[in-house]
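Coordinates from entry_8.cif are shown below (mmCIF, C-alpha atoms).
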data_upload
#
loop_
_atom_site.label_atom_id
_atom_site.label_comp_id
_atom_site.auth_asym_id
_atom_site.auth_seq_id
_atom_site.Cartn_x
_atom_site.Cartn_y
_atom_site.Cartn_z
CA MET A 218 3.93 -16.00 -4.71
CA ARG A 219 3.88 -17.03 -1.07
CA VAL A 220 6.14 -15.02 1.21
CA PRO A 221 8.85 -17.32 2.64
CA ILE A 222 8.86 -17.47 6.43
CA LEU A 223 12.08 -18.51 8.18
CA LYS A 224 12.11 -19.82 11.72
CA GLN A 225 15.08 -18.66 13.72
CA GLY A 226 14.95 -19.66 17.39
CA ASP A 227 12.03 -17.87 19.03
CA TYR A 228 11.53 -15.66 16.00
CA LEU A 229 9.87 -15.89 12.62
CA ILE A 230 11.24 -13.82 9.77
CA ALA A 231 8.94 -13.13 6.82
CA SER A 232 10.98 -11.73 4.04
CA ILE A 233 8.89 -10.25 1.24
CA GLN A 234 10.52 -10.97 -2.14
CA SER A 235 8.40 -8.99 -4.63
CA ALA A 236 5.38 -6.71 -4.95
CA LEU A 237 2.41 -8.34 -3.25
CA SER A 238 -1.21 -8.43 -4.29
CA ASP A 239 -3.93 -7.99 -1.67
CA GLN A 240 -4.55 -11.74 -1.68
CA GLU A 241 -0.86 -12.49 -1.08
CA LEU A 242 -0.80 -10.07 1.86
CA LEU A 243 -3.80 -11.80 3.40
CA GLN A 244 -2.08 -15.15 2.84
CA LEU A 245 0.95 -13.82 4.72
CA ARG A 246 -1.33 -12.80 7.60
CA ASP A 247 -2.84 -16.28 7.79
CA ASP A 248 0.53 -18.04 7.46
CA LEU A 249 2.07 -15.94 10.24
CA ALA A 250 -0.88 -16.43 12.58
CA GLU A 251 -0.67 -20.18 12.06
CA GLN A 252 3.12 -20.55 12.28
CA ALA A 253 3.53 -18.25 15.28
CA GLY A 254 1.30 -20.64 17.23
CA ARG A 255 2.84 -23.80 15.87
CA PHE A 256 6.42 -22.69 16.61
CA ARG A 257 5.51 -20.83 19.83
CA SER A 258 7.24 -17.75 18.39
CA ARG A 259 7.77 -14.73 20.61
CA GLY A 260 8.83 -12.31 17.94
CA ILE A 261 8.04 -11.80 14.25
CA ILE A 262 9.91 -9.68 11.75
CA ILE A 263 8.33 -8.65 8.47
CA ASP A 264 10.93 -7.38 6.06
CA VAL A 265 9.36 -4.99 3.51
CA THR A 266 12.64 -3.72 2.00
CA VAL A 267 11.64 -4.68 -1.56
CA LEU A 268 8.16 -3.15 -1.41
CA ASP A 269 8.04 -0.05 -3.58
CA VAL A 270 4.50 0.79 -2.51
CA MET A 271 2.79 0.67 0.87
CA ASP A 272 -0.76 1.70 0.19
CA SER A 273 -3.72 1.84 2.55
CA PHE A 274 -4.46 -1.87 2.16
CA ALA A 275 -0.88 -2.96 2.87
CA CYS A 276 -0.77 -0.67 5.87
CA ARG A 277 -4.05 -1.94 7.27
CA THR A 278 -3.02 -5.55 6.75
CA LEU A 279 0.36 -5.09 8.47
CA ARG A 280 -1.41 -3.41 11.36
CA SER A 281 -3.86 -6.24 11.70
CA ILE A 282 -1.05 -8.83 11.50
CA ALA A 283 0.77 -7.12 14.38
CA HIS A 284 -2.45 -6.93 16.36
CA ILE A 285 -3.35 -10.59 15.79
CA LEU A 286 0.16 -11.69 16.76
CA ARG A 287 0.13 -9.53 19.87
CA LEU A 288 -3.11 -11.22 20.94
CA ARG A 289 -1.22 -14.48 20.50
CA GLY A 290 1.57 -13.24 22.75
CA ALA A 291 4.18 -12.29 20.16
CA GLN A 292 5.83 -9.01 19.21
CA THR A 293 6.02 -7.86 15.58
CA ALA A 294 8.52 -5.53 13.97
CA ILE A 295 8.22 -4.16 10.44
CA VAL A 296 11.66 -3.53 8.99
CA GLY A 297 13.04 -1.98 5.83
CA ILE A 298 10.48 0.69 4.89
CA GLN A 299 12.31 2.63 2.16
CA PRO A 300 12.64 6.41 2.50
CA GLU A 301 10.51 7.21 -0.56
CA VAL A 302 7.87 4.72 0.61
CA ALA A 303 7.80 6.43 4.02
CA PHE A 304 7.41 9.78 2.25
CA ALA A 305 4.44 8.57 0.18
CA MET A 306 2.82 6.98 3.26
CA VAL A 307 2.97 10.26 5.14
CA GLN A 308 1.43 12.17 2.22
CA LEU A 309 -1.30 9.59 1.85
CA GLY A 310 -2.04 9.96 5.55
CA LEU A 311 -1.12 6.42 6.55
CA ALA A 312 0.10 5.47 9.99
CA LEU A 313 1.23 2.14 11.36
CA GLY A 314 -0.20 2.96 14.77
CA GLU A 315 1.42 1.03 17.56
CA VAL A 316 3.27 -1.29 15.22
CA GLN A 317 6.99 -1.37 15.95
CA THR A 318 9.37 -0.56 13.14
CA ALA A 319 13.12 -0.76 12.68
CA LEU A 320 15.53 0.37 10.01
CA ASP A 321 16.60 -3.07 8.84
CA LEU A 322 16.72 -6.73 9.82
CA GLU A 323 19.61 -6.27 12.22
CA GLU A 324 17.89 -3.44 14.08
CA GLY A 325 14.65 -5.39 14.05
CA LEU A 326 16.29 -8.38 15.72
CA ALA A 327 17.83 -6.10 18.35
CA LEU A 328 14.43 -4.49 19.01
CA LEU A 329 12.70 -7.85 19.39
CA SER A 330 15.36 -9.26 21.67
CA GLU A 331 14.82 -6.24 23.91
CA ARG A 332 11.03 -6.59 23.78
CA THR A 333 10.82 -10.33 24.29
CA LYS A 334 13.23 -10.63 27.22
CA ARG A 335 11.96 -13.12 29.77
CA GLY A 336 10.77 -11.38 32.92
CA GLY A 337 10.16 -8.13 31.06
CA ALA A 338 12.06 -4.86 31.18
CA SER A 339 9.92 -3.51 34.03
CA GLU A 340 11.62 -5.75 36.61
CA LYS A 341 15.02 -4.34 35.87
CA MET N 250 8.20 5.11 -27.45
CA LYS N 251 5.01 4.11 -25.68
CA SER N 252 3.28 7.05 -24.07
CA GLU N 253 0.04 5.45 -22.96
CA ALA N 254 -1.06 2.29 -21.20
CA ARG N 255 -4.45 0.82 -20.43
CA VAL N 256 -4.93 -1.67 -17.66
CA PRO N 257 -8.29 -3.40 -17.14
CA ILE N 258 -8.96 -3.70 -13.41
CA SER N 259 -11.00 -6.49 -11.89
CA SER N 260 -8.82 -8.13 -9.27
CA GLY N 261 -6.10 -7.55 -6.71
CA ALA N 262 -3.48 -8.77 -9.18
CA ASP N 263 -4.58 -6.07 -11.68
CA ILE N 264 -3.86 -3.42 -9.03
CA VAL N 265 -0.24 -4.61 -8.94
CA THR N 266 -0.08 -4.60 -12.77
CA ALA N 267 -1.46 -1.05 -12.93
CA ARG N 268 1.07 0.35 -10.51
CA LEU N 269 3.97 -1.44 -12.22
CA GLU N 270 2.85 -0.05 -15.60
CA GLY N 271 2.48 3.39 -14.04
CA ARG N 272 5.93 3.27 -12.50
CA GLN N 273 7.44 2.20 -15.81
CA LEU N 274 5.70 4.92 -17.80
CA ALA N 275 6.51 7.57 -15.18
CA SER N 276 10.15 6.55 -15.21
CA GLN N 277 10.16 6.79 -19.00
CA ALA N 278 8.62 10.28 -18.72
CA GLY N 279 11.55 11.34 -16.51
CA PHE N 280 10.18 11.24 -12.96
CA ASN N 281 12.66 10.62 -10.15
CA GLY N 282 12.63 7.92 -7.46
CA SER N 283 10.37 9.40 -4.82
CA ASP N 284 7.84 10.67 -7.39
CA LEU N 285 7.74 7.16 -8.92
CA THR N 286 6.72 5.79 -5.55
CA VAL N 287 4.16 8.54 -5.04
CA ILE N 288 2.60 7.87 -8.46
CA ALA N 289 2.56 4.09 -7.94
CA THR N 290 0.91 4.57 -4.55
CA ALA N 291 -1.78 6.86 -6.00
CA ILE N 292 -2.50 4.36 -8.79
CA SER N 293 -2.80 1.62 -6.20
CA GLU N 294 -5.42 3.61 -4.29
CA VAL N 295 -7.62 4.52 -7.26
CA ALA N 296 -7.35 0.99 -8.67
CA ARG N 297 -8.34 -0.45 -5.31
CA ASN N 298 -11.40 1.80 -5.23
CA ILE N 299 -12.48 0.28 -8.55
CA VAL N 300 -12.13 -3.29 -7.25
CA GLU N 301 -13.76 -2.43 -3.94
CA TYR N 302 -16.76 -0.44 -5.13
CA ALA N 303 -17.32 -1.09 -8.83
CA ARG N 304 -15.73 -4.57 -9.11
CA LYS N 305 -14.34 -3.74 -12.55
CA GLY N 306 -13.11 -0.80 -14.52
CA GLU N 307 -10.04 0.55 -16.25
CA ILE N 308 -6.94 2.59 -15.51
CA THR N 309 -5.49 4.67 -18.33
CA LEU N 310 -2.00 6.08 -17.92
CA CYS N 311 -0.70 8.75 -20.24
CA ILE N 312 2.42 10.87 -20.54
CA ILE N 313 1.29 14.43 -21.22
CA GLN N 314 3.03 17.59 -22.31
CA GLU N 315 1.60 21.04 -21.58
CA ASP N 316 3.54 24.19 -22.48
CA ASN N 317 6.97 23.24 -21.22
CA LYS N 318 5.98 20.90 -18.47
CA ARG N 319 5.66 17.18 -18.70
CA GLY N 320 3.59 14.91 -16.52
CA LEU N 321 1.76 11.66 -16.08
CA ARG N 322 -2.03 11.52 -16.10
CA VAL N 323 -3.83 8.71 -14.35
CA GLU N 324 -7.47 8.07 -15.23
CA ALA N 325 -9.53 5.59 -13.27
CA ARG N 326 -12.88 4.84 -14.87
CA ASP N 327 -15.66 2.52 -13.87
CA ALA N 328 -19.34 1.95 -14.56
CA GLY N 329 -20.04 1.08 -10.94
CA PRO N 330 -22.62 2.41 -8.48
CA GLY N 331 -21.15 5.93 -8.39
CA ILE N 332 -20.57 8.11 -5.34
CA PRO N 333 -23.70 9.77 -3.90
CA ASN N 334 -21.79 12.38 -1.88
CA ILE N 335 -18.39 13.33 -3.27
CA GLY N 336 -17.81 15.86 -0.48
CA LEU N 337 -18.02 13.07 2.09
CA ALA N 338 -15.93 10.68 -0.01
CA MET N 339 -13.16 13.28 -0.15
CA GLN N 340 -13.01 13.51 3.65
CA ASP N 341 -10.20 11.73 5.45
CA GLY N 342 -11.44 8.66 7.27
CA TYR N 343 -14.82 8.45 5.54
CA SER N 344 -15.51 5.08 3.93
CA THR N 345 -18.58 3.07 3.02
CA GLY N 346 -16.33 0.10 2.28
CA ARG N 347 -13.76 -1.81 4.26
CA GLY N 348 -10.93 0.65 3.76
CA LEU N 349 -9.36 3.32 5.90
CA GLY N 350 -11.15 6.07 4.00
CA LEU N 351 -7.88 7.58 2.81
CA GLY N 352 -7.97 6.48 -0.83
CA LEU N 353 -9.45 9.55 -2.50
CA PRO N 354 -8.26 12.35 -0.18
CA GLY N 355 -4.86 10.66 0.02
CA THR N 356 -4.61 10.41 -3.76
CA ARG N 357 -5.42 14.12 -4.03
CA ARG N 358 -2.54 14.87 -1.65
CA LEU N 359 -0.13 12.62 -3.55
CA MET N 360 -0.88 14.07 -6.99
CA ASP N 361 -0.73 17.68 -8.25
CA ASP N 362 -4.08 17.89 -10.06
CA PHE N 363 -7.10 15.89 -9.09
CA THR N 364 -10.67 15.82 -10.38
CA ILE N 365 -13.50 13.43 -9.73
CA HIS N 366 -16.80 13.02 -11.57
CA SER N 367 -19.37 10.57 -10.41
CA LYS N 368 -23.00 9.89 -11.11
CA VAL N 369 -25.05 7.47 -9.06
CA GLY N 370 -25.91 4.43 -11.15
CA GLU N 371 -23.54 5.44 -13.96
CA GLY N 372 -20.03 5.32 -12.60
CA THR N 373 -17.01 7.28 -11.54
CA LEU N 374 -14.08 8.93 -13.29
CA VAL N 375 -11.04 10.07 -11.36
CA VAL N 376 -8.36 12.03 -13.22
CA ALA N 377 -5.13 12.76 -11.39
CA THR N 378 -1.95 14.28 -12.79
CA LYS N 379 1.58 14.56 -11.45
CA TRP N 380 3.96 17.04 -13.03
CA ILE N 381 7.72 16.77 -13.17
CA ARG N 382 9.18 19.45 -10.93
#

Could you write out this structure as structure tokens?
Amino acid sequence: MRVPILKQGDYLIASIQSALSDQELLQLRDDLAEQAGRFRSRGIIIDVTVLDVMDSFACRTLRSIAHILRLRGAQTAIVGIQPEVAFAMVQLGLALGEVQTALDLEEGLALLSERTKRGGASEK
Amino acid sequence: MKSEARVPISSGADIVTARLEGRQLASQAGFNGSDLTVIATAISEVARNIVEYARKGEITLCIIQEDNKRGLRVEARDAGPGIPNIGLAMQDGYSTGRGLGLGLPGTRRLMDDFTIHSKVGEGTLVVATKWIR
């Protein structure tokens, strides 16, 4: 199943609805890269609340999505990593690197609005 | 009550099936929430190794009882190329494929017991068990 991507102003919100196969994750990467350009998005939220597993492949793909989007001038936030998923990721040795995370959608939107302010925080 | 499941692995979709089956069986065995996630994650890693390196193989999941402890055993078997140097393959960050090189060492950390047998040209068998605490 394709992950639905909602456009909301300058943001795209990809809200994962069920467990994803590797192919579906790669499809999400391609869809986001394409839509972020088409809609001139400045921020992207990927909501992983329903994912019960974040294995090495999922982690690597999310990292590469954030990297690709950053090269296209947009910020990405991963939101909704469940506590037991975070626990398993740490044991497995997985890290999201520089990828920004937030507790839930609301916090993710707040984070992006901070990060995508016109003029940048450094001028203030 | 079903106490064993076999999942043939040859595609990304089979990896999802294997971890769902594993979660279901583990829940039936009496594991709690965070252990269910740990087991599903470990299954995902060993199943992915099959797809990545051997292209096809099989995951067998089994509820086991030993003395007065109960657990879930995960066996990942393939007739792929085998691993020439298991010591290297068990090191964090070492990979001959496209992965992060965390699959095998990470699985060992996630599970309680872990053994791996591999013969070049014959295949690989990983057996990993999680016990209910």

Expansion of the PyMOL selection byres ((chain N) within 9 of (chain A)) into residues, as a ChimeraX atom specification:
/N:261-265,268,282-291,293-294,297,341,348-352,354-359

Just-selected residues, C-alpha atoms written as a compact mmCIF listing (two decimals), in the frame of the given file:
# COMPACT_ATOMS: atom_id res chain seq x y z
CA GLY N 261 -6.10 -7.55 -6.71
CA ALA N 262 -3.48 -8.77 -9.18
CA ASP N 263 -4.58 -6.07 -11.68
CA ILE N 264 -3.86 -3.42 -9.03
CA VAL N 265 -0.24 -4.61 -8.94
CA ARG N 268 1.07 0.35 -10.51
CA GLY N 282 12.63 7.92 -7.46
CA SER N 283 10.37 9.40 -4.82
CA ASP N 284 7.84 10.67 -7.39
CA LEU N 285 7.74 7.16 -8.92
CA THR N 286 6.72 5.79 -5.55
CA VAL N 287 4.16 8.54 -5.04
CA ILE N 288 2.60 7.87 -8.46
CA ALA N 289 2.56 4.09 -7.94
CA THR N 290 0.91 4.57 -4.55
CA ALA N 291 -1.78 6.86 -6.00
CA SER N 293 -2.80 1.62 -6.20
CA GLU N 294 -5.42 3.61 -4.29
CA ARG N 297 -8.34 -0.45 -5.31
CA ASP N 341 -10.20 11.73 5.45
CA GLY N 348 -10.93 0.65 3.76
CA LEU N 349 -9.36 3.32 5.90
CA GLY N 350 -11.15 6.07 4.00
CA LEU N 351 -7.88 7.58 2.81
CA GLY N 352 -7.97 6.48 -0.83
CA PRO N 354 -8.26 12.35 -0.18
CA GLY N 355 -4.86 10.66 0.02
CA THR N 356 -4.61 10.41 -3.76
CA ARG N 357 -5.42 14.12 -4.03
CA ARG N 358 -2.54 14.87 -1.65
CA LEU N 359 -0.13 12.62 -3.55

Tell me which protein, DNA and RNA residues are within 6 Å of Val323 of chain N, counting only C-alpha atoms, leaving out same-chain ones fewer than 5 positions away, and put them as JSON, numbers by chain.
{"N": [309, 310, 376, 377]}

What's the 10 Å shell around Thr278 of chain A, counting only C-alpha atoms, without same-chain residues fewer than 5 positions away, as an MDAnalysis selection string?
chainID A and resid 239 242:243 245:246 273 283:284 313

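Here atom CA of Lys379 of chain N is placed at a distance of 28.0 Å from atom CA of Leu279 of chain A.
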
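Near Thr333 of chain A, within 8 Å and counting all atoms listed in the file, sit Arg259, Gly260, Gln292, Leu329, Ser330 and Gly337 of chain A, not including residues fewer than 3 positions from it in the same chain.
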
For the structure provided, state which residues fall under the PyMOL selection byres ((chain N and resi 330-340) around 8), and present them as a PyMOL selection string.
chain N and resi 302-303+328-329+341-344+350-351+353-354+367-373

Here's a test: counting all atoms listed in the file, identify every protein, DNA and RNA residue with an atom at most 9 Å from (3.8, -0.1, 18.2) in the file's coordinate frame, and state them as a CSV table (one decimal) with C-alpha atoms, in the frame of the given file.
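And here's out_31.csv as it stands now:
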chain,number,residue,atom,x,y,z
A,283,ALA,CA,0.8,-7.1,14.4
A,293,THR,CA,6.0,-7.9,15.6
A,294,ALA,CA,8.5,-5.5,14.0
A,313,LEU,CA,1.2,2.1,11.4
A,314,GLY,CA,-0.2,3.0,14.8
A,315,GLU,CA,1.4,1.0,17.6
A,316,VAL,CA,3.3,-1.3,15.2
A,317,GLN,CA,7.0,-1.4,16.0
A,318,THR,CA,9.4,-0.6,13.1

Ground truth for the PyMOL selection byres ((chain N and resi 277) around 12), written as a PyMOL selection string
chain N and resi 250-253+270-276+278-282+285+311-313+319-321+381

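Our summary of the geometry notes that atom CA of Ser259 of chain N is positioned 25.5 Å from atom CA of Ile282 of chain A.
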
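Minimum distance to Arg304 of chain N across N:Arg255, N:His366, N:Arg326, N:Lys318 (counting all atoms listed in the file) occurs at N:Arg326.
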
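Among the candidates A:Arg280, A:Ile263, A:Pro221, A:Arg335, the residue lying nearest to Ala319 of chain A is A:Ile263 (atoms considered: all atoms listed in the file).
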
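When atom CA of Asp264 of chain A is paired with atom CA of Val296 of chain A, their separation reads 4.9 Å.
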
Can you save segment 255-286 of chain A of the given block to a file, including N, CA and C atoms and formatted as an mmCIF file, in the first residue's frame?
data_model
loop_
_atom_site.group_PDB
_atom_site.id
_atom_site.type_symbol
_atom_site.label_atom_id
_atom_site.label_comp_id
_atom_site.auth_asym_id
_atom_site.auth_seq_id
_atom_site.Cartn_x
_atom_site.Cartn_y
_atom_site.Cartn_z
ATOM 1 N N ARG A 255 7.708 19.325 -6.435
ATOM 2 C CA ARG A 255 6.512 19.810 -7.132
ATOM 3 C C ARG A 255 5.765 20.852 -6.305
ATOM 4 N N PHE A 256 5.657 20.631 -4.992
ATOM 5 C CA PHE A 256 4.899 21.553 -4.142
ATOM 6 C C PHE A 256 5.797 22.599 -3.470
ATOM 7 N N ARG A 257 7.076 22.583 -3.787
ATOM 8 C CA ARG A 257 8.036 23.520 -3.190
ATOM 9 C C ARG A 257 7.943 23.472 -1.658
ATOM 10 N N SER A 258 7.899 22.265 -1.123
ATOM 11 C CA SER A 258 7.722 22.091 0.328
ATOM 12 C C SER A 258 8.986 22.481 1.076
ATOM 13 N N ARG A 259 8.805 23.032 2.249
ATOM 14 C CA ARG A 259 9.959 23.427 3.069
ATOM 15 C C ARG A 259 10.128 22.527 4.279
ATOM 16 N N GLY A 260 9.097 21.759 4.561
ATOM 17 C CA GLY A 260 9.201 20.833 5.676
ATOM 18 C C GLY A 260 8.430 19.553 5.387
ATOM 19 N N ILE A 261 8.939 18.431 5.872
ATOM 20 C CA ILE A 261 8.272 17.141 5.660
ATOM 21 C C ILE A 261 8.191 16.404 6.986
ATOM 22 N N ILE A 262 7.008 15.901 7.278
ATOM 23 C CA ILE A 262 6.850 15.089 8.485
ATOM 24 C C ILE A 262 6.548 13.657 8.066
ATOM 25 N N ILE A 263 7.262 12.716 8.653
ATOM 26 C CA ILE A 263 6.951 11.309 8.422
ATOM 27 C C ILE A 263 6.470 10.736 9.747
ATOM 28 N N ASP A 264 5.203 10.350 9.763
ATOM 29 C CA ASP A 264 4.609 9.854 11.003
ATOM 30 C C ASP A 264 4.700 8.321 11.040
ATOM 31 N N VAL A 265 5.507 7.802 11.965
ATOM 32 C CA VAL A 265 5.756 6.353 12.042
ATOM 33 C C VAL A 265 5.056 5.722 13.249
ATOM 34 N N THR A 266 4.043 6.423 13.789
ATOM 35 C CA THR A 266 3.366 5.949 15.001
ATOM 36 C C THR A 266 2.929 4.483 14.911
ATOM 37 N N VAL A 267 2.420 4.065 13.750
ATOM 38 C CA VAL A 267 1.885 2.697 13.668
ATOM 39 C C VAL A 267 2.968 1.645 13.427
ATOM 40 N N LEU A 268 4.191 2.059 13.142
ATOM 41 C CA LEU A 268 5.231 1.053 12.869
ATOM 42 C C LEU A 268 5.611 0.327 14.157
ATOM 43 N N ASP A 269 5.522 -0.993 14.138
ATOM 44 C CA ASP A 269 5.888 -1.752 15.330
ATOM 45 C C ASP A 269 7.322 -2.250 15.235
ATOM 46 N N VAL A 270 7.958 -2.021 14.091
ATOM 47 C CA VAL A 270 9.352 -2.413 13.925
ATOM 48 C C VAL A 270 10.074 -1.344 13.117
ATOM 49 N N MET A 271 11.217 -0.913 13.616
ATOM 50 C CA MET A 271 12.106 -0.074 12.799
ATOM 51 C C MET A 271 13.425 -0.826 12.740
ATOM 52 N N ASP A 272 13.614 -1.547 11.664
ATOM 53 C CA ASP A 272 14.843 -2.331 11.563
ATOM 54 C C ASP A 272 15.902 -1.539 10.817
ATOM 55 N N SER A 273 17.023 -2.191 10.518
ATOM 56 C CA SER A 273 18.142 -1.450 9.919
ATOM 57 C C SER A 273 17.758 -0.863 8.566
ATOM 58 N N PHE A 274 16.937 -1.575 7.808
ATOM 59 C CA PHE A 274 16.558 -1.067 6.490
ATOM 60 C C PHE A 274 15.674 0.170 6.609
ATOM 61 N N ALA A 275 14.693 0.110 7.506
ATOM 62 C CA ALA A 275 13.788 1.249 7.691
ATOM 63 C C ALA A 275 14.581 2.477 8.140
ATOM 64 N N CYS A 276 15.509 2.229 9.050
ATOM 65 C CA CYS A 276 16.316 3.305 9.592
ATOM 66 C C CYS A 276 17.176 3.947 8.506
ATOM 67 N N ARG A 277 17.803 3.104 7.707
ATOM 68 C CA ARG A 277 18.661 3.599 6.631
ATOM 69 C C ARG A 277 17.840 4.370 5.606
ATOM 70 N N THR A 278 16.637 3.865 5.313
ATOM 71 C CA THR A 278 15.810 4.535 4.306
ATOM 72 C C THR A 278 15.317 5.885 4.822
ATOM 73 N N LEU A 279 14.909 5.947 6.089
ATOM 74 C CA LEU A 279 14.458 7.234 6.643
ATOM 75 C C LEU A 279 15.599 8.249 6.648
ATOM 76 N N ARG A 280 16.793 7.753 6.961
ATOM 77 C CA ARG A 280 17.959 8.631 6.951
ATOM 78 C C ARG A 280 18.228 9.159 5.554
ATOM 79 N N SER A 281 18.117 8.264 4.566
ATOM 80 C CA SER A 281 18.398 8.749 3.219
ATOM 81 C C SER A 281 17.288 9.674 2.721
ATOM 82 N N ILE A 282 16.047 9.443 3.139
ATOM 83 C CA ILE A 282 14.966 10.366 2.767
ATOM 84 C C ILE A 282 15.280 11.767 3.301
ATOM 85 N N ALA A 283 15.652 11.839 4.582
ATOM 86 C CA ALA A 283 15.929 13.145 5.193
ATOM 87 C C ALA A 283 17.099 13.829 4.495
ATOM 88 N N HIS A 284 18.081 13.021 4.108
ATOM 89 C CA HIS A 284 19.255 13.581 3.448
ATOM 90 C C HIS A 284 18.895 14.113 2.054
ATOM 91 N N ILE A 285 18.148 13.314 1.302
ATOM 92 C CA ILE A 285 17.727 13.729 -0.043
ATOM 93 C C ILE A 285 16.921 15.025 0.037
ATOM 94 N N LEU A 286 15.987 15.068 1.004
ATOM 95 C CA LEU A 286 15.122 16.247 1.105
ATOM 96 C C LEU A 286 15.913 17.477 1.544
#
